[in-house]
Amino acid sequence: MTERLRIALAQISQWVGDIAGNADAMLEWRAKAEGADLIVFPELQLVGYPPEDLVLKPALHRRVAEQLERLVAASGDGGPAMIVGAVLAEDGRLYNVLHLIDGGGIVGTSRKHELPNYGTFDEKRWFTPGPMPAPIEWRGLRLGLPICEDIWFPQVCAHLGTQGAELFISPHGSPYEIEKDDLRTGQIGADRVRETGVPLIFLNRVGGQDEVVFDGASFVLNGDGTLAHQLPDWEEALVLTEWERGDGGWRCAEGEIHPLDPYPADVYHAMIVGLRDYVNANRFPGVVLGLSGGIDSALSAAVAVDALGADRVWCVMLPSRFTSQDSLDDAAECARMLGVRLDAIPIEPAVAAFGEMLAPVFAGRQPDLTEENIQSRIRGVTLMGLSNKFGPMLLTTGNKSEMSVGYATIYGDMAGGYSVLKDAYKTTVFELCRWRNANRPALGLGSDGPVMPQRVIDKPPSAELRADQKDSDSLPEYDVLDPILHGLVEEELSVAELVERGFDRETVARIERLLHVAEYKRRQAPPGVKLGKRNFGRDRRYPITHAFRTA
């Protein structure tokens, strides 16, 4: 009977749908795991996660089977066994599975039982839940292989424990959310270990996939609840864990405990990873964005430089007659501090042309929001023209506060391919700017030191689409607006419940109305990095047309 084991944990990235490429990567990481008895890969590593409706294609199933055969054949070389996440089509049903591969064969297969169907997850759309899994016998060890959601509720681990599982290995595809580290380690993982007395390996992936980002932060808990390993967040890592069977069962020798990002460094890194992997995976040469001299575009530019490098970020100032000298100066200084190219393209010729063109049909009407939006749309058309002509993806710069209440111009400043601020409230934007001016992110490719003038952070926010305009002319101050929005969006509270927290009823009712009527805009917004529990897009899915209000 085996008394010692070396288990390698491969906290790695993936590319959804690149079955052969993902298999290549697994074999490359396996070759690096010298001396390991077993190497573990994240959930659905062969396919990529989340695969969405790609996973329903029979052609994908055939390709998975081909590459699985290749991995099985490779395991006959005497090297480490592998735990590989894949899909299994069987009797007209599709399962999310783990295969334990060793010695040129599949030793056992575990099917995912708990299928998440909330927030970003749609697994009941794709998969059939497997039966309660049994431990897999391997080298005298009874391995329990709960897959991701299987450990987020007690039943699967409790069942495996009663069936004699001696070690839980739980590959994950667990997306980043603010404050999720403590939930994974201190609650979910700790609860399963406390309930069963069985040690746990929690293995997560890293990297961005459309709107979700995976932060890694894998860990190992011994049966007494002590933390034996904490892998870093945001970075690929291969860690060799040492296990020994004693009187109390299997125990992992203590290893390195990497500190994890505190807030708001974790948010900033999520933005870096999301943008970097989206741009690179979709083969854009870089990004272009409008740099207005305001805080949102300054932060978007800073994240872009940290994600891609200054040479892949092109900033454009698009001044109108309402653009202040302060904004011109701040945009120029921001570009200088970031080391990026900055071009100025005044929009007044186009504004005048539109005014002349529309004068006959606008006759007798006073200027209003229409003329403001035309300016924004001229900017959007100009930036998209640069994107089309030269190839960089247009990065939009709107934040979650604006998107919540529709304080954005559809086909104007909303035009573009990706948004790093989509799930960041305005107050979060202020926090991130202060943090970035005082810190250089570990993954950042940008310079040390401040990345924007302090005046960009301090001055009152303004769209500058009319004379002396401020955001507060149309909206409550952000330190009032954002807590209301958090209650309405993240907590799904009613107007009455927010009034009980001390907010003005008329203000809350107005914000709720704006939130609902702006749904049609958000449906047409670009994707952006998910940061919290209820991002617009994958998490919060409301009908565009509905009459429900709580006021």
# chains A, B, ... in the order shown; residues from 1 in each chain; ligands from 1
>>> select_by_dssp(residues="region 18-209 of chain A", states="strand (DSSP E)", output="ChimeraX atom specification")
/A:38-40,81-90,93-102,105-111,136-138,141-144,167-171,200-203,206-209
>>> write_last_selection(atoms="C-alpha atoms", output="mmCIF file, in the first residue's frame")
data_model
loop_
_atom_site.group_PDB
_atom_site.id
_atom_site.type_symbol
_atom_site.label_atom_id
_atom_site.label_comp_id
_atom_site.auth_asym_id
_atom_site.auth_seq_id
_atom_site.Cartn_x
_atom_site.Cartn_y
_atom_site.Cartn_z
ATOM 1 C CA LEU A 38 -0.080 12.517 -10.046
ATOM 2 C CA ILE A 39 -0.765 15.865 -11.709
ATOM 3 C CA VAL A 40 -4.134 17.595 -11.355
ATOM 4 C CA ALA A 81 -0.941 9.983 -13.596
ATOM 5 C CA MET A 82 -3.344 12.765 -14.621
ATOM 6 C CA ILE A 83 -6.699 14.062 -13.442
ATOM 7 C CA VAL A 84 -8.243 15.633 -16.538
ATOM 8 C CA GLY A 85 -11.496 17.564 -16.775
ATOM 9 C CA ALA A 86 -13.533 16.909 -19.920
ATOM 10 C CA VAL A 87 -17.035 16.333 -21.267
ATOM 11 C CA LEU A 88 -18.500 12.877 -21.752
ATOM 12 C CA ALA A 89 -21.330 12.192 -24.200
ATOM 13 C CA GLU A 90 -23.085 8.986 -23.220
ATOM 14 C CA ARG A 93 -26.618 12.792 -22.336
ATOM 15 C CA LEU A 94 -23.693 15.055 -21.672
ATOM 16 C CA TYR A 95 -21.684 15.060 -18.441
ATOM 17 C CA ASN A 96 -19.041 17.295 -16.901
ATOM 18 C CA VAL A 97 -16.436 14.746 -15.809
ATOM 19 C CA LEU A 98 -13.025 14.086 -14.368
ATOM 20 C CA HIS A 99 -10.964 11.207 -15.725
ATOM 21 C CA LEU A 100 -8.174 9.667 -13.661
ATOM 22 C CA ILE A 101 -5.668 8.547 -16.289
ATOM 23 C CA ASP A 102 -2.684 6.324 -15.514
ATOM 24 C CA GLY A 105 -5.746 3.680 -19.372
ATOM 25 C CA ILE A 106 -8.594 5.453 -17.640
ATOM 26 C CA VAL A 107 -8.595 4.261 -14.025
ATOM 27 C CA GLY A 108 -11.889 5.904 -13.143
ATOM 28 C CA THR A 109 -14.335 8.649 -14.069
ATOM 29 C CA SER A 110 -16.280 10.958 -11.779
ATOM 30 C CA ARG A 111 -19.344 12.862 -13.025
ATOM 31 C CA ILE A 136 -11.852 5.924 -7.132
ATOM 32 C CA GLU A 137 -9.295 3.326 -6.050
ATOM 33 C CA TRP A 138 -5.794 4.260 -7.163
ATOM 34 C CA LEU A 141 -5.718 5.224 -2.035
ATOM 35 C CA ARG A 142 -9.442 6.005 -2.179
ATOM 36 C CA LEU A 143 -9.701 9.340 -3.989
ATOM 37 C CA GLY A 144 -12.830 11.477 -3.818
ATOM 38 C CA LEU A 167 -8.481 12.598 0.078
ATOM 39 C CA PHE A 168 -10.677 15.091 -1.773
ATOM 40 C CA ILE A 169 -9.247 16.527 -5.001
ATOM 41 C CA SER A 170 -11.582 19.214 -6.312
ATOM 42 C CA PRO A 171 -10.696 20.834 -9.656
ATOM 43 C CA LEU A 200 -8.911 18.791 0.499
ATOM 44 C CA ILE A 201 -7.079 19.971 -2.609
ATOM 45 C CA PHE A 202 -8.872 22.962 -4.177
ATOM 46 C CA LEU A 203 -7.421 23.611 -7.638
ATOM 47 C CA VAL A 206 -6.229 31.490 -13.974
ATOM 48 C CA GLY A 207 -6.943 33.785 -16.896
ATOM 49 C CA GLY A 208 -9.749 35.688 -18.581
ATOM 50 C CA GLN A 209 -12.602 34.289 -20.656
#
>>> residues_around(residues="region 178-190 of chain A", least_positions_apart="2", cutoff="7 Å", atoms="only C-alpha atoms", output="PyMOL selection string")
chain A and resi 152+176+192-194+225+531-532
>>> residues_around(residues="Asp215 (chain A)", least_positions_apart="6", cutoff="8 Å", atoms="only C-alpha atoms", output="ChimeraX atom specification")
/A:175-176,204-207,233-235,270
>>> closest_residue(among="A:Thr226, A:Ser320, A:Ser419, A:Gln454", to="Ile272 (chain A)", atoms="only C-alpha atoms")
A:Ser419
>>> closest_residue(among="A:Leu498, A:Ala33, A:Leu60, A:Ala525", to="Ala551 (chain A)", atoms="only C-alpha atoms")
A:Leu498
>>> select_by_dssp(residues="region 210-382 of chain A", states="alpha helix (DSSP H)", output="ChimeraX atom specification")
/A:265-281,295-308,325-338,348-362,369-382
>>> residues_around(residues="region 115-129 of chain A", least_positions_apart="3", cutoff="8 Å", atoms="only C-alpha atoms", output="mmCIF file with N, CA, C and O atoms, in the first residue's frame")
data_model
loop_
_atom_site.group_PDB
_atom_site.id
_atom_site.type_symbol
_atom_site.label_atom_id
_atom_site.label_comp_id
_atom_site.auth_asym_id
_atom_site.auth_seq_id
_atom_site.Cartn_x
_atom_site.Cartn_y
_atom_site.Cartn_z
ATOM 1 N N GLU A 52 -20.011 27.333 -22.712
ATOM 2 C CA GLU A 52 -21.311 27.769 -23.221
ATOM 3 C C GLU A 52 -21.827 26.756 -24.251
ATOM 4 O O GLU A 52 -21.583 25.559 -24.129
ATOM 5 N N ASP A 53 -22.528 27.204 -25.270
ATOM 6 C CA ASP A 53 -23.192 26.246 -26.165
ATOM 7 C C ASP A 53 -22.235 25.539 -27.125
ATOM 8 O O ASP A 53 -22.660 24.638 -27.865
ATOM 9 N N VAL A 55 -20.311 23.466 -26.184
ATOM 10 C CA VAL A 55 -20.244 22.122 -25.637
ATOM 11 C C VAL A 55 -21.387 21.242 -26.156
ATOM 12 O O VAL A 55 -21.369 20.014 -25.980
ATOM 13 N N LEU A 56 -22.365 21.837 -26.822
ATOM 14 C CA LEU A 56 -23.472 21.057 -27.371
ATOM 15 C C LEU A 56 -23.170 20.506 -28.761
ATOM 16 O O LEU A 56 -23.951 19.727 -29.304
ATOM 17 N N ARG A 93 -26.786 11.815 -23.408
ATOM 18 C CA ARG A 93 -26.618 12.792 -22.336
ATOM 19 C C ARG A 93 -25.175 13.276 -22.301
ATOM 20 O O ARG A 93 -24.257 12.584 -22.752
ATOM 21 N N LEU A 94 -25.015 14.447 -21.738
ATOM 22 C CA LEU A 94 -23.693 15.055 -21.672
ATOM 23 C C LEU A 94 -23.336 15.316 -20.217
ATOM 24 O O LEU A 94 -24.143 15.877 -19.467
ATOM 25 N N TYR A 95 -22.129 14.925 -19.832
ATOM 26 C CA TYR A 95 -21.684 15.060 -18.441
ATOM 27 C C TYR A 95 -20.401 15.885 -18.371
ATOM 28 O O TYR A 95 -19.557 15.838 -19.268
ATOM 29 N N ASN A 96 -20.285 16.618 -17.282
ATOM 30 C CA ASN A 96 -19.041 17.295 -16.901
ATOM 31 C C ASN A 96 -18.276 16.308 -16.025
ATOM 32 O O ASN A 96 -18.752 15.929 -14.944
ATOM 33 N N ARG A 111 -18.435 11.920 -12.378
ATOM 34 C CA ARG A 111 -19.344 12.862 -13.025
ATOM 35 C C ARG A 111 -19.782 13.927 -12.022
ATOM 36 O O ARG A 111 -20.104 13.608 -10.881
ATOM 37 N N LYS A 112 -19.856 15.164 -12.490
ATOM 38 C CA LYS A 112 -20.267 16.261 -11.616
ATOM 39 C C LYS A 112 -21.738 16.095 -11.230
ATOM 40 O O LYS A 112 -22.607 15.926 -12.097
ATOM 41 N N GLU A 149 -18.621 22.779 -7.988
ATOM 42 C CA GLU A 149 -19.838 23.011 -7.205
ATOM 43 C C GLU A 149 -20.139 21.876 -6.240
ATOM 44 O O GLU A 149 -20.845 22.068 -5.242
ATOM 45 N N ASP A 150 -19.594 20.690 -6.498
ATOM 46 C CA ASP A 150 -19.821 19.552 -5.610
ATOM 47 C C ASP A 150 -19.343 19.810 -4.191
ATOM 48 O O ASP A 150 -19.836 19.164 -3.254
ATOM 49 N N LYS A 533 -20.873 40.311 -7.524
ATOM 50 C CA LYS A 533 -21.774 39.167 -7.598
ATOM 51 C C LYS A 533 -22.873 39.334 -8.639
ATOM 52 O O LYS A 533 -23.512 38.357 -9.022
ATOM 53 N N ARG A 534 -23.131 40.579 -9.080
ATOM 54 C CA ARG A 534 -24.267 40.815 -9.967
ATOM 55 C C ARG A 534 -23.855 41.754 -11.086
ATOM 56 O O ARG A 534 -24.266 42.913 -11.131
ATOM 57 N N ARG A 538 -23.965 38.547 -17.585
ATOM 58 C CA ARG A 538 -24.046 37.129 -17.234
ATOM 59 C C ARG A 538 -24.828 36.893 -15.947
ATOM 60 O O ARG A 538 -25.472 35.862 -15.792
ATOM 61 N N ASP A 539 -24.759 37.833 -15.011
ATOM 62 C CA ASP A 539 -25.377 37.612 -13.706
ATOM 63 C C ASP A 539 -26.821 38.113 -13.651
ATOM 64 O O ASP A 539 -27.723 37.390 -13.251
ATOM 65 N N ARG A 540 -27.006 39.369 -14.011
ATOM 66 C CA ARG A 540 -28.311 40.013 -13.836
ATOM 67 C C ARG A 540 -29.028 40.039 -15.183
ATOM 68 O O ARG A 540 -28.647 40.756 -16.087
#
>>> closest_residue(among="A:Ala228, A:Leu342, A:Leu145, A:Ile295", to="Ser327 (chain A)", atoms="only C-alpha atoms")
A:Ile295
>>> residues_around(residues="Val508 (chain A)", least_positions_apart="5", cutoff="7 Å", atoms="only C-alpha atoms", output="mmCIF file with all heavy atoms, in the first residue's frame")
data_model
loop_
_atom_site.group_PDB
_atom_site.id
_atom_site.type_symbol
_atom_site.label_atom_id
_atom_site.label_comp_id
_atom_site.auth_asym_id
_atom_site.auth_seq_id
_atom_site.Cartn_x
_atom_site.Cartn_y
_atom_site.Cartn_z
ATOM 1 N N ILE A 484 -27.249 53.233 -3.181
ATOM 2 C CA ILE A 484 -28.603 52.919 -3.649
ATOM 3 C C ILE A 484 -28.540 51.867 -4.743
ATOM 4 O O ILE A 484 -29.283 50.869 -4.730
ATOM 5 C CB ILE A 484 -29.306 54.191 -4.160
ATOM 6 C CG1 ILE A 484 -29.574 55.153 -2.999
ATOM 7 C CG2 ILE A 484 -30.616 53.839 -4.866
ATOM 8 C CD1 ILE A 484 -30.118 56.502 -3.436
ATOM 9 N N VAL A 495 -37.569 49.603 -2.929
ATOM 10 C CA VAL A 495 -37.481 51.002 -2.540
ATOM 11 C C VAL A 495 -37.724 51.153 -1.042
ATOM 12 O O VAL A 495 -36.995 51.863 -0.346
ATOM 13 C CB VAL A 495 -38.490 51.839 -3.356
ATOM 14 C CG1 VAL A 495 -38.613 53.253 -2.777
ATOM 15 C CG2 VAL A 495 -38.075 51.899 -4.820
ATOM 16 N N PHE A 503 -32.334 56.351 3.068
ATOM 17 C CA PHE A 503 -32.296 57.068 1.798
ATOM 18 C C PHE A 503 -33.637 57.733 1.518
ATOM 19 O O PHE A 503 -34.697 57.243 1.940
ATOM 20 C CB PHE A 503 -31.935 56.115 0.650
ATOM 21 C CG PHE A 503 -30.540 55.562 0.747
ATOM 22 C CD1 PHE A 503 -30.324 54.267 1.197
ATOM 23 C CD2 PHE A 503 -29.443 56.338 0.402
ATOM 24 C CE1 PHE A 503 -29.046 53.751 1.294
ATOM 25 C CE2 PHE A 503 -28.151 55.828 0.487
ATOM 26 C CZ PHE A 503 -27.951 54.541 0.938
#
>>> residues_around(residues="Leu71 (chain A)", least_positions_apart="3", cutoff="8 Å", atoms="only C-alpha atoms", output="MDAnalysis selection string")
chainID A and resid 23 27 67:68 74:75 101
>>> residues_around(residues="region 346-360 of chain A", least_positions_apart="6", cutoff="9 Å", atoms="only C-alpha atoms", output="compact mmCIF listing (two decimals) with N, CA and C atoms, in the first residue's frame")
# COMPACT_ATOMS: atom_id res chain seq x y z
N MET A 317 -7.74 62.35 -27.98
CA MET A 317 -8.53 63.41 -27.39
C MET A 317 -9.44 63.97 -28.48
N LEU A 318 -10.75 64.07 -28.20
CA LEU A 318 -11.74 64.49 -29.19
C LEU A 318 -12.47 65.73 -28.67
N PRO A 319 -11.79 66.86 -28.64
CA PRO A 319 -12.36 68.04 -27.99
C PRO A 319 -13.50 68.66 -28.80
N SER A 320 -14.43 69.25 -28.08
CA SER A 320 -15.49 70.08 -28.66
C SER A 320 -15.35 71.48 -28.09
N ARG A 321 -16.29 72.36 -28.43
CA ARG A 321 -16.21 73.72 -27.89
C ARG A 321 -16.50 73.75 -26.39
N GLU A 371 -28.61 67.19 -29.00
CA GLU A 371 -27.34 67.76 -29.47
C GLU A 371 -26.16 67.24 -28.65
N ILE A 374 -25.44 63.75 -29.99
CA ILE A 374 -24.79 63.78 -31.31
C ILE A 374 -23.29 63.93 -31.15
N GLN A 375 -22.86 64.76 -30.21
CA GLN A 375 -21.42 64.91 -29.97
C GLN A 375 -20.80 63.58 -29.56
N ILE A 378 -20.61 61.27 -32.53
CA ILE A 378 -19.52 61.64 -33.44
C ILE A 378 -18.20 61.09 -32.93
N ARG A 379 -18.01 61.17 -31.62
CA ARG A 379 -16.78 60.60 -31.03
C ARG A 379 -16.73 59.09 -31.24
N THR A 382 -15.86 58.33 -34.82
CA THR A 382 -14.45 58.65 -35.09
C THR A 382 -13.53 57.55 -34.54
>>> atom_distance(atom1="CA of Met271 (chain A)", atom2="CA of Leu338 (chain A)")
16.9 Å
>>> closest_residue(among="A:Gly528, A:Gly17, A:Pro146, A:Pro154", to="Glu43 (chain A)", atoms="only C-alpha atoms")
A:Pro146
>>> atom_distance(atom1="CA of Gln230 (chain A)", atom2="CA of Pro259 (chain A)")
7.8 Å
>>> closest_residue(among="A:Gly444, A:Pro80, A:Pro461, A:Gly21", to="Ala265 (chain A)", atoms="only C-alpha atoms")
A:Gly444
>>> closest_atom_pairs(of="region 225-256 of chain A", to="region 7-16 of chain A", cutoff="12 Å", atoms="only C-alpha atoms", output="JSON lines")
{"residue": "A:His229", "atom": "CA", "partner": "A:Leu9", "partner_atom": "CA", "distance": 10.5}
{"residue": "A:Gln230", "atom": "CA", "partner": "A:Leu9", "partner_atom": "CA", "distance": 11.2}
{"residue": "A:Leu231", "atom": "CA", "partner": "A:Gln11", "partner_atom": "CA", "distance": 8.2}
{"residue": "A:Pro232", "atom": "CA", "partner": "A:Gln11", "partner_atom": "CA", "distance": 9.2}
{"residue": "A:Asp233", "atom": "CA", "partner": "A:Gln11", "partner_atom": "CA", "distance": 9.5}
{"residue": "A:Trp234", "atom": "CA", "partner": "A:Gln11", "partner_atom": "CA", "distance": 9.6}
{"residue": "A:Glu235", "atom": "CA", "partner": "A:Ile12", "partner_atom": "CA", "distance": 7.8}
{"residue": "A:Glu236", "atom": "CA", "partner": "A:Ile12", "partner_atom": "CA", "distance": 4.8}
{"residue": "A:Ala237", "atom": "CA", "partner": "A:Gln11", "partner_atom": "CA", "distance": 5.1}
{"residue": "A:Leu238", "atom": "CA", "partner": "A:Ala10", "partner_atom": "CA", "distance": 4.8}
{"residue": "A:Val239", "atom": "CA", "partner": "A:Leu9", "partner_atom": "CA", "distance": 5.2}
{"residue": "A:Leu240", "atom": "CA", "partner": "A:Ala8", "partner_atom": "CA", "distance": 4.3}
{"residue": "A:Thr241", "atom": "CA", "partner": "A:Ile7", "partner_atom": "CA", "distance": 5.2}
{"residue": "A:Glu242", "atom": "CA", "partner": "A:Ile7", "partner_atom": "CA", "distance": 6.6}
{"residue": "A:Trp243", "atom": "CA", "partner": "A:Ile7", "partner_atom": "CA", "distance": 7.6}
{"residue": "A:Glu244", "atom": "CA", "partner": "A:Ile7", "partner_atom": "CA", "distance": 11.0}
{"residue": "A:Arg251", "atom": "CA", "partner": "A:Ile7", "partner_atom": "CA", "distance": 12.0}
{"residue": "A:Cys252", "atom": "CA", "partner": "A:Ile7", "partner_atom": "CA", "distance": 9.7}
{"residue": "A:Ala253", "atom": "CA", "partner": "A:Ile7", "partner_atom": "CA", "distance": 11.3}
>>> write_last_selection(atoms="C-alpha atoms", output="CSV table (one decimal), in the first residue's frame")
chain,number,residue,atom,x,y,z
A,229,HIS,CA,-0.4,25.3,0.7
A,230,GLN,CA,-1.7,28.6,-0.7
A,231,LEU,CA,-0.9,29.2,-4.4
A,232,PRO,CA,-0.7,32.7,-5.7
A,233,ASP,CA,-3.5,34.5,-7.3
A,234,TRP,CA,-3.5,35.6,-11.0
A,235,GLU,CA,-0.4,33.7,-12.0
A,236,GLU,CA,0.1,30.2,-13.5
A,237,ALA,CA,1.9,27.9,-11.0
A,238,LEU,CA,3.0,24.3,-10.7
A,239,VAL,CA,3.3,23.2,-7.1
A,240,LEU,CA,4.5,19.8,-5.9
A,241,THR,CA,2.7,18.7,-2.7
A,242,GLU,CA,4.1,16.0,-0.5
A,243,TRP,CA,1.7,13.6,1.2
A,244,GLU,CA,2.2,10.9,3.8
A,251,ARG,CA,-1.5,14.6,5.5
A,252,CYS,CA,0.2,17.2,3.3
A,253,ALA,CA,3.5,18.6,4.3
>>> closest_residue(among="A:Asn222, A:Asp24, A:Leu481, A:Thr323", to="Asp468 (chain A)", atoms="only C-alpha atoms")
A:Thr323
>>> atom_distance(atom1="CA of Ala301 (chain A)", atom2="CA of Tyr425 (chain A)")
17.0 Å
